[in-house]
Every structure is written in structure tokens, then in C-alpha cells.
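A quick write-up on the structure given underneath.
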Amino acid sequence: MKYTCLIIDDEELARDLIENHLRQLDEFELIASCSSAIEASKILQQQNVDLLFLDIEMPVLRGTEFFKNLIHKPKVIFTTAYRDYALDGFELNAVDYLLKPITFGRFFKAIEKFVSLSNSNTQPPSVNVEAIVNKDDFIFIRKDRKQVKLFLDHILYIESIKDYIKIHTKDKSHMIKYSITSFAKNLDNRFIRTHRSYIVNVDKITAYTKYDVEIDVIEIPIGESYKSDVQNSLNK
């Protein structure tokens, strides 16, 4: 069975990434890749589409508003660079919500959810809204005699340096006295241990090989004893 897909995103690189992911799945056919909701609406009037990959934050018309106004709604996977928009997506019964940059492992997991829903003809399961915005989305770290709030989504990776760990975010880093093994207990399953000295936020990985993972220009090694777990996590 072939599933027809339509990508809607104003960023060319984001569209290209999803296209590349789809090429690895024989049962999915890409009808078109559009840079605006207005362009996509014309295609939806002419062709049947099973699945939308829809960016939320777009100029002129936001993805969520566009989807609300559709009379015949395909199933939708929302894509965005902003975790704060998760609630908007789930309130519209989205199949899934993908944070950019989208790894193939995370993409494939969303695809599996879509196929499962399509085969069962059921609505996406209800989402516990509190689970998205609750206190587990941030932690407090002790630094300079203060308790500093740190949002988990802001963390790129954590580096162990002797008796300390260095928490790297996009804008700054925090050096605190803590063991990396103990600190890992504060993190959720978006983080993976790639090396005895490194923990990485999977959502931030832009590329990887069997030797390292990359977050933009930063290369983080994969330890020999962690290779199997890392590969399994990235290919879920």
C-alpha cells in the first residue's frame, strides 16, 4: 500500500531533510513539497493526501491555523523548531510532533505511529497536557550558591571534566561539581550516553557516524562500549 504525503515548510533545508527521510521508505509517495500553506491548499484541492508534514511557524498563515481551516483533514505530523508549540499540535489530534533538526530515528518512530493509526482507523491517543509542560521539562542546578533553572530542551550536551560536569547550551555553559552518572538520573529519554565523558540531547544531533555524533560543527565521540546503545537509540 502506498501512502501519499505533502510537505509544507517555508525552510528549504527542512523540506529537503524530510524528503531525504521519505526516500528511504518505499511505501510513501511524496506528492509535493511546498513553501507555503497557500501553495499547498491548491494541491489539496486537486489530489488526495494521506499525510501532511506541516511546519507550525510560517509567514502569512501558521500551520495550525491552516490545518484548522481544512474541510477534509489528512493525518498530520507537525514539525517545528520550538517545543513550546507542542500543545497546539496535539490539540489538533496530530499523529506526532517533531522537533527540528529531525533525526531519521525520530522521524521513523512518527511514521510507525501513522501507519498504526491508519491500519486501526482510530484517532491519535489522547495526550496528557501536563506531561508536556510539567516540571520535568526543567531542572534546577546549584551554581554560585544559587539554584539556577535549566530547561532540558536548551541542553545540547553534557561533558564530564574530572569531578565536574560542563552543561553546554546554545548560549552558554554551566560548570558544576557533579558526577556525570549521577546527573544522568535527572534527564529523560531524549538524552543518550555516547561516551563515559559525554551525554547528548538526541533532538540536537544533526549528523552521526559510527565514531561520533555531531551537533552542527561540534563533534562528540562515541565510546566503544556505547556504540550499540547509541545506534539503537538513533534508529528507533
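Letters A, B, ... go to the chains of the C-alpha cells in the order shown; residues in each chain start at 1; ligands are counted from 1 in the same order.
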
Close residues, Gln46 of chain A itself excluded, 12 Å, only C-alpha atoms, min 5 positions apart in chain, as JSON, numbers by chain: {"A": [31, 32, 39, 40, 41]}

Since we have the selection now, will you write its residues out, keeping C-alpha atoms, as a PDB file, in the first residue's frame?
```pdb
ATOM      1  CA  ILE A  31       3.104  14.340  -3.943  1.00  0.00           C
ATOM      2  CA  ALA A  32       4.706  17.769  -3.494  1.00  0.00           C
ATOM      3  CA  GLU A  39       0.607  26.780  -2.339  1.00  0.00           C
ATOM      4  CA  ALA A  40      -0.327  23.565  -0.522  1.00  0.00           C
ATOM      5  CA  SER A  41      -4.054  24.373  -0.434  1.00  0.00           C
TER       6      SER A  41
END
```

Exercise: Ile141 of chain A partners within 12 Å, only C-alpha atoms, chain neighbours under 6 positions left out, as a VMD selection string: chain A and resid 147 to 152 165 to 167 174 to 178 183 186

Atomic distance atom CA of Asn48 of chain A - atom CA of Asn119 of chain A, expressed in Å with one decimal: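 Separation of atom CA of Asn48 of chain A and atom CA of Asn119 of chain A: 17.5 Å.
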
Filtered DSSP result for segment 31-82 of chain A, state helix (DSSP H, G or I), as a ChimeraX atom specification: /A:37-46,63-69

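Residues with any atom within 7 Å of Asp9 of chain A, counting only C-alpha atoms and excluding same-chain neighbours fewer than 2 positions away, are Ile7, Glu11, Ala14, Arg15, Cys34, Ser35, Ser36, Leu54 and Asp55 of chain A.
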
Could the residues in this selection be saved with C-alpha atoms as a compact mmCIF listing (two decimals), in the first residue's frame?
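Done, and the output landed in again-v6.txt:
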```txt
# COMPACT_ATOMS: atom_id res chain seq x y z
CA ILE A 7 5.44 18.60 2.92
CA GLU A 11 12.53 26.49 5.03
CA ALA A 14 13.81 21.48 6.42
CA ARG A 15 11.85 20.30 3.37
CA CYS A 34 5.52 23.37 -0.68
CA SER A 35 7.00 26.53 0.81
CA SER A 36 3.64 27.98 1.91
CA LEU A 54 3.34 20.64 8.39
CA ASP A 55 5.57 23.32 9.87
```

Secondary structure check, strand (DSSP E or B) residues of segment 12-229 of chain A, as a ChimeraX atom specification: /A:28-34,51-55,75-80,96-99,138-143,146-151,155-161,164-169,173-177,191-195,198-201,207-208,212-215,218-221

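Using only C-alpha atoms, the contacts of Ile38 of chain A at a cut-off of 12 Å, with sequence neighbours closer than 4 positions omitted, comprise Ile8, Asp9, Asp10, Cys34, Lys42, Ile43, Leu44, Gln45, Met58, Pro59, Val60, Leu61, Arg62, Gly63, Glu65, Phe66, Phe67, Asn69 and Leu70 of chain A.
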
Computed interatomic separation between atom CA of Ile155 of chain A and atom CA of Ile139 of chain A (Å):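 Computing it gives 11.0 Å between the two atoms.
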
For Phe28 of chain A: contacts at 8 Å, only C-alpha atoms, fewer than 6 positions along chain excluded, given as a list of chain:residue names: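 Listing them by chain and then by number gives A:Lys2, A:Tyr3, A:Thr4, A:Cys5, A:Leu22.
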
Would you mind exporting the chosen residues as a CSV table (one decimal), in the first residue's frame, restricted to N, CA, C and O atoms?
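File produced: out_10.csv:
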```csv
chain,number,residue,atom,x,y,z
A,2,LYS,N,0.5,2.2,-0.8
A,2,LYS,CA,1.2,3.5,-0.9
A,2,LYS,C,0.5,4.6,-0.1
A,2,LYS,O,-0.7,4.7,-0.2
A,3,TYR,N,1.2,5.3,0.7
A,3,TYR,CA,0.7,6.5,1.4
A,3,TYR,C,1.2,7.7,0.7
A,3,TYR,O,2.4,7.9,0.4
A,4,THR,N,0.3,8.6,0.4
A,4,THR,CA,0.7,9.9,-0.3
A,4,THR,C,1.0,11.0,0.8
A,4,THR,O,0.3,11.1,1.8
A,5,CYS,N,2.0,11.7,0.5
A,5,CYS,CA,2.5,12.7,1.5
A,5,CYS,C,2.6,14.1,0.9
A,5,CYS,O,2.9,14.2,-0.3
A,22,LEU,N,12.0,10.4,3.6
A,22,LEU,CA,10.9,9.7,2.9
A,22,LEU,C,11.4,8.8,1.8
A,22,LEU,O,10.9,7.7,1.5
```

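Proximity to Val213 of chain A was assessed for A:Phe53, A:Phe108, A:Tyr97, A:Tyr198 counting only C-alpha atoms; the smallest distance is recorded for A:Tyr198.
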
Between atom CA of Leu98 of chain A and atom CA of Thr79 of chain A, distance in Å (one decimal): 4.8 Å

A:Ser33, A:Thr64, A:Thr181, A:Thr206 ranked by distance to Leu234 of chain A, top pick (using only C-alpha atoms):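 Between A:Ser33, A:Thr64, A:Thr181, A:Thr206, the residue approaching Leu234 of chain A most closely is A:Thr206.
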
So that I can see what lies close to Leu51 of chain A, please list as an mmCIF file with all heavy atoms, in the first residue's frame the residues with an atom at most 6 Å from it, counting only C-alpha atoms and leaving out residues fewer than 3 positions away in the same chain.
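And here's selection_26.cif as it stands now:
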```cif
data_model
loop_
_atom_site.group_PDB
_atom_site.id
_atom_site.type_symbol
_atom_site.label_atom_id
_atom_site.label_comp_id
_atom_site.auth_asym_id
_atom_site.auth_seq_id
_atom_site.Cartn_x
_atom_site.Cartn_y
_atom_site.Cartn_z
ATOM 1 N N CYS A 5 2.022 11.744 0.529
ATOM 2 C CA CYS A 5 2.476 12.726 1.518
ATOM 3 C C CYS A 5 2.636 14.106 0.880
ATOM 4 O O CYS A 5 2.912 14.231 -0.319
ATOM 5 C CB CYS A 5 3.822 12.326 2.104
ATOM 6 S SG CYS A 5 3.859 10.697 2.840
ATOM 7 N N PRO A 74 -6.281 15.552 6.229
ATOM 8 C CA PRO A 74 -5.439 14.353 6.261
ATOM 9 C C PRO A 74 -4.873 14.199 7.668
ATOM 10 O O PRO A 74 -5.003 15.090 8.509
ATOM 11 C CB PRO A 74 -4.313 14.684 5.267
ATOM 12 C CG PRO A 74 -4.732 15.940 4.562
ATOM 13 C CD PRO A 74 -5.673 16.650 5.473
ATOM 14 N N LYS A 75 -4.237 13.087 7.927
ATOM 15 C CA LYS A 75 -3.480 12.978 9.167
ATOM 16 C C LYS A 75 -2.262 13.906 9.058
ATOM 17 O O LYS A 75 -1.760 14.159 7.958
ATOM 18 C CB LYS A 75 -3.065 11.538 9.430
ATOM 19 C CG LYS A 75 -4.241 10.647 9.867
ATOM 20 C CD LYS A 75 -3.777 9.267 10.235
ATOM 21 C CE LYS A 75 -4.903 8.478 10.892
ATOM 22 N NZ LYS A 75 -6.064 8.296 10.009
ATOM 23 N N VAL A 76 -1.812 14.407 10.186
ATOM 24 C CA VAL A 76 -0.767 15.422 10.164
ATOM 25 C C VAL A 76 0.311 15.138 11.195
ATOM 26 O O VAL A 76 0.034 14.694 12.315
ATOM 27 C CB VAL A 76 -1.372 16.832 10.393
ATOM 28 C CG1 VAL A 76 -2.037 16.926 11.763
ATOM 29 C CG2 VAL A 76 -0.307 17.928 10.251
#
```

Segment 194-196 of chain A surroundings by only C-alpha atoms, 9 Å radius, close-in-sequence under 3 positions cut, as a list of chain:residue names: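 Result of the neighbour search: A:Ser160, A:Ile180, A:Thr181, A:Ile199, A:Val200, A:Asp212, A:Val213, A:Ile220, A:Pro221, A:Ile222, A:Gly223, A:Glu224, A:Ser225, A:Tyr226, A:Lys227, A:Asp229, A:Val230.
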